[in-house]
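Each remark here refers to the structure printed beneath this line.
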Amino acid sequence: MPSTFLGLNTAYLGLTASNAALNTTANNIANVNTEGYSRQKVNQQAANAMRVYTSYGCIGAGVDTTSIERQRDAFYDFKYWNNNADVGEYDVLQDYMKQIEDHFKDDTTMKGFNTVYDELFNSLQEVMKNAGDQATRSQCIGYAENLAYYFNMMSSTLESMQLDANAEIANTVSQINTFASEIASLSQQINVIELEGGFANELRDRRDLIVDKLSKLVDVKVDESPIYDANDPTRETGATRYQVLIASSQKLVDADKFFQLECIPREQKEALNQSDAVGLYDIVWTDGRNFNMYNPVMGGTLRGLIEIRDGNNQENFQGLVESVGANAGGDRTITIKATYDYTQDINKCTLPFDGVLRADGKLYHYKEFQANYDADGNVESYTFTVDSSYAAEDATADPTVGNKASVGSPVAYQGIPYYQEQMNEWCRNFAEAFNKILTQDGAVDDYGKAPFALFVANHNTDSKQQNIFDASEAEMQADVNKSYYYMTAKNFTVNKDIKTDSRLLATHTSNQATVDTKGESAYDVIEDIIDMRTNKNIMSFRGCNSSEFLQCVLSDIALNTSNALTFGQTFANIGKAIDNQRISVSGVDEDEEALDLVSFQHAYNLASKMIQTLKEVYDRLILNTGV
């Protein structure tokens with residue numbers, strides 16, 4: 001049964017509803033430029049009608065203001081977060097691939113491989129014209145130094161870039177940890193408010209904005225589910241369980257709890273590739289969980305940095321366990337069969353001299369390895385000597401024969417390790433072919449003695465040169481330290497003895513006919529060396545001749561740079577389109593708010609007039625009626 005003052009109460013409800021709508025509109029307009037703000041809307045519904053027990057049945061009781069909610073579509077948020085991970089990844093790849101491309105270029109602004117290589121062979125042409133002239137030889141040796149210096153600098157540059165990417169990985173992990181703690185804290189505050197029946201719109205906006213930023217660093221999945229009363233499983237408490245999963249469903253935040261990542265530098269004996277910089281980080285969870293940093297479905301800036309830092313084109317060492325035994329010193333040995341083309345040619349290999357072998361999911365630290373060759377000179381297996389000083393960390397059981405074994409992880413991107421390997425391979429093949437011609441049977445220096453090799457390797461631990469390439473083929477096969485595998489682009493250099501005395505550079509053989517006719521100006525050795533420039537039978541690199549190194553490598557770099565730019569722009573455009581769709585739902589439109597303002601003001605004025613009218617009615621009823 002309605003009271004006498006039902007009309008006044010109904011008008012009052014209309015006034016408060018319009019006032020809430022006006023205040024919400026003011027809040028929307030105030031936050032029109034606030035990052036991450038979602039437009040809010042007052043939800044209203046008709047109040048329950050009252051029965052009056054007359055022929056017309058019920059009478060309206062006004063309006064109920066049920067809530068003030070954000071205008072947000074979770075579907076667009078999920079799409080945006082998924083795409084944002086790709087944006088973050090390709091932003092990194094664009095930046096680093098452009099740097100790599102700039103360092104490898106050869107034009108008027110920078111002297112590159114083609115220039116220094118042409119200078120060396122042009123100088124060899126000059127030596128051939130006057131092989132007995134020491135100044136011409138010295139100049140030729142100087143150009144050989146330039147070639148070695150080029151590769152030394154390129155290797156050092158790539159190593160510096162690898163360390164830069166490594167530092168960025170640490171910074172990215174730190175940001176992820178910060179975002180995790182902020183999300184957990186906001187989730188707790190949101191639940192405190194919403195358990196009491198409120199709506200924490202602004203806090204939810206801040207939390208979603210943090211997830212926006214997090215999604216660019218690493219791929220994210222978000223799940224929010226209601227929390228039910230333990231005593232009444234059908235009743236929702238008003239609180240929710242907010243979970244954030246990263247890197248392919250690894251838990252980062254669970255309600256008010258968050259988990260932290262940590263960067264641990266690798267020891268020198270834990271390098272994944274021969275030319276890796278020292279101290280690269282592995283990422284682990286601080287609670288002891290394994291963080292799979294090479295997960296192929298992980299995305300974001302973190303993935304891009306890992307691809308650049310560790311990308312090996314999936315050409316890490318892999319094979320099958322062939323046998324397990326022990327060497328003469330009693331150390332355990334594990335022999336791995338070479339099952340891939342790139343492991344059957346040791347010059348293409350990237351194995352560190354001491355590292356970590358993984359087999360059967362267990363770790364085995366090794367202190368050295370030996371390549372085992374077949375009758376055709378191809379590597380058929382590798383024997384690793386397990387380092388007994390790591391006995392406490394390594395598996396005690398032997399790996400299962402026939403199972404897979406590997407060093408490092410396959411990363412399906414041509415990152416810095418890949419380009420280091422390409423340079424290492426070229427330097428080894430070039431030095432081997434060049435030195436083989438220079439020291440061929442019958443070749444002599446100006447002193448009539450057997451000549452030295454021109455290209456050698458600097459020692460890895462001191463200032464000496466590792467002049468090991470005078471070893472026989474059998475010695476090289478028996479000890480990788482006496483093979484060209486020891487040589488990398490970083491330690492590739494010219495024999496200091498020949499630099500000191502150019503007469504030690506052989507230009508001819510001791511063929512009597514040659515010596516009789518040419519004397520010290522004989523140049524048959526130089527002629528053979530010049531032939532290797534274009535003769536793929538003497539030296540080839542990826543099916544090309546020795547002079548086409550830069551074209552081969554630049555083709556990879558150009559393709560990767562182009563892909564990074566293309567995909568980066570594509571995902572950026574997709575991101576803008578999705579964000580526009582989000583804004584169409586949650587963004588504040590000033591014109592729309594202006595229209596709402598007029599509408600709500602009009603409703604407010606009408607409710608006020610209704611109250612004024614009813615006031616006059618009640619004044620007349622109360623003051624002017626009665627006995």
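Every chain in the structure tokens has a letter given in the order shown (A, B, ...), and although residue numbers restart at 1 in each chain, ligands are simply numbered from 1 in the order shown.
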(request) From a DSSP calculation on the backbone, collect every residue of region 135-248 of chain A in helix (DSSP H, G or I) and output the set as a PyMOL selection string. (result) chain A and resi 135-195+201-217
(request) Once DSSP has gone over the backbone, tell me which residues of region 232-361 of chain A are in strand (DSSP E or B), as a PyMOL selection string. (result) chain A and resi 236-246+250-254+257-258+261-265+281-285+317-326+332-338+355-359
Write out, as a short mmCIF file (atom, residue, chain, number, x, y, z; two decimals), in the first residue's frame, the residues just selected, with N, CA and C atoms.
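File written: selection28.cif
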data_model
loop_
_atom_site.label_atom_id
_atom_site.label_comp_id
_atom_site.auth_asym_id
_atom_site.auth_seq_id
_atom_site.Cartn_x
_atom_site.Cartn_y
_atom_site.Cartn_z
N GLU A 236 28.28 -16.31 -4.25
CA GLU A 236 29.48 -15.55 -4.60
C GLU A 236 29.73 -14.51 -3.53
N THR A 237 30.98 -14.39 -3.13
CA THR A 237 31.32 -13.45 -2.06
C THR A 237 31.46 -12.02 -2.56
N GLY A 238 31.65 -11.85 -3.87
CA GLY A 238 31.93 -10.52 -4.43
C GLY A 238 33.39 -10.35 -4.78
N ALA A 239 34.25 -11.16 -4.17
CA ALA A 239 35.68 -11.14 -4.50
C ALA A 239 35.94 -12.05 -5.69
N THR A 240 37.07 -11.84 -6.34
CA THR A 240 37.44 -12.67 -7.50
C THR A 240 38.89 -13.14 -7.36
N ARG A 241 39.21 -14.23 -8.03
CA ARG A 241 40.57 -14.73 -8.11
C ARG A 241 41.14 -14.34 -9.46
N TYR A 242 42.10 -13.43 -9.45
CA TYR A 242 42.67 -12.89 -10.68
C TYR A 242 44.04 -13.53 -10.90
N GLN A 243 44.19 -14.25 -12.01
CA GLN A 243 45.45 -14.94 -12.31
C GLN A 243 46.05 -14.41 -13.62
N VAL A 244 47.35 -14.24 -13.61
CA VAL A 244 48.09 -13.84 -14.81
C VAL A 244 49.12 -14.91 -15.10
N LEU A 245 49.06 -15.46 -16.31
CA LEU A 245 50.01 -16.48 -16.75
C LEU A 245 50.86 -15.89 -17.86
N ILE A 246 52.15 -16.17 -17.85
CA ILE A 246 53.05 -15.65 -18.86
C ILE A 246 53.84 -16.78 -19.51
N GLN A 250 52.82 -20.04 -17.66
CA GLN A 250 53.57 -20.12 -16.41
C GLN A 250 53.04 -19.04 -15.46
N LYS A 251 52.67 -19.44 -14.25
CA LYS A 251 51.93 -18.56 -13.35
C LYS A 251 52.82 -17.44 -12.81
N LEU A 252 52.36 -16.20 -13.02
CA LEU A 252 53.07 -15.01 -12.52
C LEU A 252 52.34 -14.39 -11.33
N VAL A 253 51.00 -14.31 -11.42
CA VAL A 253 50.19 -13.72 -10.35
C VAL A 253 49.01 -14.64 -10.07
N ASP A 254 48.72 -14.84 -8.80
CA ASP A 254 47.55 -15.61 -8.39
C ASP A 254 46.90 -14.87 -7.23
N LYS A 257 48.96 -13.02 -4.55
CA LYS A 257 50.31 -13.60 -4.55
C LYS A 257 50.96 -13.37 -5.90
N PHE A 258 52.27 -13.13 -5.88
CA PHE A 258 52.98 -12.97 -7.14
C PHE A 258 54.30 -13.72 -7.06
N LEU A 261 60.87 -13.64 -11.09
CA LEU A 261 61.90 -14.23 -11.94
C LEU A 261 63.26 -13.70 -11.53
N GLU A 262 64.28 -14.47 -11.82
CA GLU A 262 65.64 -14.07 -11.47
C GLU A 262 66.59 -14.40 -12.61
N CYS A 263 67.53 -13.50 -12.86
CA CYS A 263 68.55 -13.73 -13.89
C CYS A 263 69.83 -14.22 -13.22
N ILE A 264 70.29 -15.39 -13.64
CA ILE A 264 71.51 -15.98 -13.08
C ILE A 264 72.56 -16.07 -14.18
N PRO A 265 73.71 -15.42 -14.00
CA PRO A 265 74.74 -15.47 -15.05
C PRO A 265 75.34 -16.87 -15.18
N TYR A 281 72.79 -14.50 -19.17
CA TYR A 281 71.85 -14.88 -18.12
C TYR A 281 70.95 -16.05 -18.51
N ASP A 282 70.72 -16.92 -17.54
CA ASP A 282 69.60 -17.86 -17.58
C ASP A 282 68.52 -17.29 -16.68
N ILE A 283 67.25 -17.53 -17.04
CA ILE A 283 66.12 -17.02 -16.27
C ILE A 283 65.48 -18.17 -15.51
N VAL A 284 65.27 -17.97 -14.22
CA VAL A 284 64.64 -19.00 -13.39
C VAL A 284 63.61 -18.33 -12.48
N TRP A 285 62.67 -19.13 -11.99
CA TRP A 285 61.74 -18.66 -10.96
C TRP A 285 62.44 -18.73 -9.61
N PHE A 317 74.26 -28.15 -31.05
CA PHE A 317 74.75 -29.53 -31.14
C PHE A 317 73.66 -30.51 -30.71
N GLN A 318 73.34 -31.47 -31.58
CA GLN A 318 72.35 -32.49 -31.28
C GLN A 318 72.82 -33.82 -31.87
N GLY A 319 72.48 -34.90 -31.22
CA GLY A 319 72.85 -36.23 -31.71
C GLY A 319 72.21 -37.31 -30.87
N LEU A 320 72.66 -38.54 -31.07
CA LEU A 320 72.14 -39.69 -30.33
C LEU A 320 73.26 -40.33 -29.52
N VAL A 321 72.96 -40.71 -28.29
CA VAL A 321 73.95 -41.37 -27.45
C VAL A 321 74.34 -42.70 -28.09
N GLU A 322 75.64 -42.81 -28.37
CA GLU A 322 76.13 -44.02 -29.04
C GLU A 322 76.75 -45.01 -28.06
N SER A 323 77.47 -44.49 -27.09
CA SER A 323 78.08 -45.38 -26.10
C SER A 323 78.50 -44.56 -24.89
N VAL A 324 78.73 -45.28 -23.80
CA VAL A 324 79.20 -44.68 -22.55
C VAL A 324 80.39 -45.50 -22.07
N GLY A 325 81.45 -44.84 -21.63
CA GLY A 325 82.62 -45.58 -21.19
C GLY A 325 83.49 -44.75 -20.29
N ALA A 326 84.78 -45.01 -20.35
CA ALA A 326 85.75 -44.28 -19.53
C ALA A 326 87.05 -44.19 -20.30
N ARG A 332 84.59 -40.48 -16.93
CA ARG A 332 83.49 -40.97 -17.75
C ARG A 332 83.52 -40.32 -19.12
N THR A 333 83.18 -41.08 -20.13
CA THR A 333 83.06 -40.53 -21.49
C THR A 333 81.70 -40.89 -22.05
N ILE A 334 81.17 -39.96 -22.82
CA ILE A 334 79.88 -40.18 -23.49
C ILE A 334 80.09 -39.89 -24.97
N THR A 335 79.82 -40.84 -25.81
CA THR A 335 80.00 -40.67 -27.25
C THR A 335 78.64 -40.44 -27.91
N ILE A 336 78.55 -39.34 -28.67
CA ILE A 336 77.30 -38.93 -29.32
C ILE A 336 77.47 -39.04 -30.83
N LYS A 337 76.58 -39.75 -31.46
CA LYS A 337 76.62 -39.90 -32.92
C LYS A 337 76.15 -38.61 -33.58
N ALA A 338 76.91 -38.13 -34.57
CA ALA A 338 76.55 -36.92 -35.31
C ALA A 338 75.46 -37.26 -36.31
N GLY A 355 81.60 -27.47 -21.60
CA GLY A 355 80.23 -27.01 -21.48
C GLY A 355 79.37 -28.04 -20.77
N VAL A 356 78.09 -28.03 -21.10
CA VAL A 356 77.12 -28.91 -20.44
C VAL A 356 76.37 -29.70 -21.50
N LEU A 357 76.44 -31.01 -21.37
CA LEU A 357 75.73 -31.93 -22.27
C LEU A 357 74.45 -32.37 -21.55
N ARG A 358 73.33 -32.32 -22.28
CA ARG A 358 72.06 -32.75 -21.71
C ARG A 358 71.62 -34.04 -22.41
N ALA A 359 71.30 -35.05 -21.62
CA ALA A 359 70.82 -36.31 -22.15
C ALA A 359 69.87 -36.93 -21.14
#
(request) Find the residues near region 449-464 of chain A: any atom within 10 Å, counting only C-alpha atoms, skip ones fewer than 6 places away on the same chain, and give them as a PyMOL selection string. (result) chain A and resi 141+144-145+148+427-428+430-432+434-443+470+484+486-499+503-507+509-510
Can I get the selection written as a JSON list (two decimals), in the first residue's frame, with C-alpha atoms?
[["chain", "number", "residue", "atom", "x", "y", "z"],
["A", 141, "ILE", "CA", 100.82, -9.03, -45.38],
["A", 144, "ALA", "CA", 96.01, -9.84, -44.79],
["A", 145, "GLU", "CA", 96.07, -8.20, -41.34],
["A", 148, "ALA", "CA", 91.82, -10.56, -39.99],
["A", 427, "CYS", "CA", 87.61, -17.97, -41.36],
["A", 428, "ARG", "CA", 88.39, -21.65, -40.74],
["A", 430, "PHE", "CA", 89.65, -19.70, -45.74],
["A", 431, "ALA", "CA", 92.64, -20.09, -43.43],
["A", 432, "GLU", "CA", 92.80, -23.83, -44.05],
["A", 434, "PHE", "CA", 95.10, -20.51, -47.89],
["A", 435, "ASN", "CA", 97.61, -22.16, -45.56],
["A", 436, "LYS", "CA", 97.34, -25.47, -47.39],
["A", 437, "ILE", "CA", 98.42, -23.79, -50.64],
["A", 438, "LEU", "CA", 101.08, -21.73, -48.89],
["A", 439, "THR", "CA", 102.63, -24.75, -47.19],
["A", 440, "GLN", "CA", 102.08, -27.27, -49.99],
["A", 441, "ASP", "CA", 104.71, -29.90, -50.68],
["A", 442, "GLY", "CA", 107.73, -28.27, -52.25],
["A", 443, "ALA", "CA", 106.88, -24.70, -51.19],
["A", 470, "ASP", "CA", 101.28, -27.01, -38.86],
["A", 484, "TYR", "CA", 91.12, -25.25, -37.38],
["A", 486, "TYR", "CA", 90.26, -23.64, -32.51],
["A", 487, "MET", "CA", 90.12, -20.65, -34.86],
["A", 488, "THR", "CA", 87.22, -18.19, -34.58],
["A", 489, "ALA", "CA", 86.54, -14.83, -36.14],
["A", 490, "LYS", "CA", 87.60, -13.25, -32.86],
["A", 491, "ASN", "CA", 91.09, -14.82, -32.69],
["A", 492, "PHE", "CA", 91.72, -15.06, -36.47],
["A", 493, "THR", "CA", 95.05, -13.32, -37.14],
["A", 494, "VAL", "CA", 98.29, -13.21, -39.14],
["A", 495, "ASN", "CA", 101.43, -15.08, -38.12],
["A", 496, "LYS", "CA", 103.61, -12.57, -36.25],
["A", 497, "ASP", "CA", 106.80, -14.20, -37.53],
["A", 498, "ILE", "CA", 105.81, -13.46, -41.13],
["A", 499, "LYS", "CA", 104.77, -9.93, -40.12],
["A", 503, "ARG", "CA", 110.82, -13.22, -46.55],
["A", 504, "LEU", "CA", 109.12, -16.01, -44.60],
["A", 505, "LEU", "CA", 106.08, -15.65, -46.87],
["A", 506, "ALA", "CA", 106.40, -18.34, -49.50],
["A", 507, "THR", "CA", 105.77, -17.27, -53.09],
["A", 509, "THR", "CA", 107.83, -23.98, -54.81],
["A", 510, "SER", "CA", 111.28, -25.50, -55.10]]
(request) For Ser388 (chain A), list every protein, DNA or RNA residue within 10 Å, evaluated using only C-alpha atoms, and leave out those in the same chain fewer than 2 positions away; present the list as a PyMOL selection string. (result) chain A and resi 330-332+364-367+385-386+390-394
Please, could you write that set of residues out with N, CA and C atoms as a CSV table (one decimal), in the first residue's frame?
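Full text of selection23.csv as output:
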chain,number,residue,atom,x,y,z
A,330,GLY,N,90.3,-42.6,-16.2
A,330,GLY,CA,89.2,-43.0,-15.4
A,330,GLY,C,88.0,-42.1,-15.4
A,331,ASP,N,88.1,-41.0,-16.3
A,331,ASP,CA,86.9,-40.1,-16.4
A,331,ASP,C,85.9,-40.8,-17.3
A,332,ARG,N,84.6,-40.5,-16.9
A,332,ARG,CA,83.5,-41.0,-17.7
A,332,ARG,C,83.5,-40.3,-19.1
A,364,TYR,N,75.3,-33.2,-17.8
A,364,TYR,CA,76.7,-33.8,-17.7
A,364,TYR,C,77.7,-32.7,-18.1
A,365,HIS,N,78.4,-32.1,-17.1
A,365,HIS,CA,79.4,-31.1,-17.5
A,365,HIS,C,80.6,-31.9,-18.1
A,366,TYR,N,81.1,-31.4,-19.2
A,366,TYR,CA,82.3,-32.0,-19.9
A,366,TYR,C,83.4,-31.0,-19.9
A,367,LYS,N,84.6,-31.5,-19.8
A,367,LYS,CA,85.8,-30.6,-19.8
A,367,LYS,C,86.5,-30.6,-21.1
A,385,THR,N,84.3,-35.9,-22.5
A,385,THR,CA,84.9,-36.3,-21.3
A,385,THR,C,84.2,-35.6,-20.1
A,386,VAL,N,83.5,-36.3,-19.3
A,386,VAL,CA,82.8,-35.7,-18.2
A,386,VAL,C,83.7,-35.2,-17.1
A,390,TYR,N,82.3,-31.7,-11.2
A,390,TYR,CA,80.9,-31.4,-11.1
A,390,TYR,C,80.1,-32.6,-10.7
A,391,ALA,N,80.7,-33.6,-10.0
A,391,ALA,CA,80.0,-34.8,-9.7
A,391,ALA,C,78.8,-34.6,-8.9
A,392,ALA,N,78.8,-33.6,-8.0
A,392,ALA,CA,77.6,-33.3,-7.1
A,392,ALA,C,76.5,-32.8,-7.9
A,393,GLU,N,76.7,-32.1,-9.0
A,393,GLU,CA,75.6,-31.5,-9.8
A,393,GLU,C,75.2,-32.4,-11.0
A,394,ASP,N,76.1,-33.3,-11.5
A,394,ASP,CA,75.8,-34.1,-12.6
A,394,ASP,C,75.0,-35.4,-12.2
What are the nearest atom pairs, with distances in Å to one decimal, for all residues of region 291-370 of chain A that come at most 12 Å from region 527-543 of chain A, using only C-alpha atoms, set out by chain and rising residue number as CSV?
residue,atom,partner,partner_atom,distance
A:Tyr342,CA,A:Arg542,CA,11.4
A:Asn347,CA,A:Phe541,CA,11.0
A:Lys348,CA,A:Phe541,CA,10.5
Using the selection just defined, write its residues with C-alpha atoms as a PDB file, in the first residue's frame.
ATOM      1  CA  TYR A 342      76.235 -29.325 -39.657  1.00  0.00           C
ATOM      2  CA  ASN A 347      84.120 -26.247 -39.054  1.00  0.00           C
ATOM      3  CA  LYS A 348      80.346 -25.630 -38.917  1.00  0.00           C
TER       4      LYS A 348
END
(request) With a distance cut-off of 7 Å and only C-alpha atoms, select the neighbouring residues of region 171-176 of chain A, excluding the residue or stretch itself and same-chain residues fewer than 6 positions from it, and output the selection as number ranges by chain. (result) A: 214, 217, 261, 302
Residues near Val411 (chain A), cut-off 8 Å, only C-alpha atoms, skip fewer than 4 positions along chain, as a PDB file with C-alpha atoms, in the first residue's frame:
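Result saved to out.pdb:
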ATOM      1  CA  TYR A 294      63.328 -21.216 -25.086  1.00  0.00           C
ATOM      2  CA  PRO A 296      58.756 -21.605 -28.956  1.00  0.00           C
ATOM      3  CA  GLU A 307      66.127 -14.814 -30.195  1.00  0.00           C
ATOM      4  CA  ASP A 310      70.785 -16.979 -28.493  1.00  0.00           C
ATOM      5  CA  GLY A 311      69.321 -17.512 -31.976  1.00  0.00           C
ATOM      6  CA  ASN A 312      71.270 -20.334 -33.637  1.00  0.00           C
ATOM      7  CA  ASN A 313      68.947 -21.218 -36.521  1.00  0.00           C
ATOM      8  CA  GLN A 314      68.172 -24.432 -34.580  1.00  0.00           C
ATOM      9  CA  GLU A 315      71.735 -25.574 -35.241  1.00  0.00           C
TER      10      GLU A 315
END
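With distances restricted to only C-alpha atoms, A:Asp118 is the closest residue to Ser547 (chain A) from A:Asp106, A:Glu380, A:Asp118, A:Asp95.
Each of A:Val379, A:Ala200, A:Ala277, A:Val42 was compared to Ala21 (chain A) using only C-alpha atoms, and A:Val42 turns out to be the nearest.
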(message) Show me, as JSON, numbers by chain, the residues that have an atom within 10 Å of region 96-98 of chain A when counting only C-alpha atoms, minus same-chain residues fewer than 2 positions from it.
(response) {"A": [90, 91, 92, 93, 94, 100, 101, 102, 103, 161, 162, 164, 165, 304, 305, 308, 309, 414, 415, 416, 557, 558, 559, 560, 561, 562, 563, 564, 565]}
(message) From the options A:Ala46, A:Met298, A:Cys349, A:Val480, which residue's atoms come nearest to Ala371 (chain A), counting only C-alpha atoms?
(response) A:Val480
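The coordinates place CA of Met154 (chain A) at 13.7 Å from CA of Asn114 (chain A).
Shortest separation to Ser608 (chain A) among A:Ala230, A:Ala135, A:Val407, A:Ala17 occurs at residue A:Ala17, atoms counted being only C-alpha atoms.
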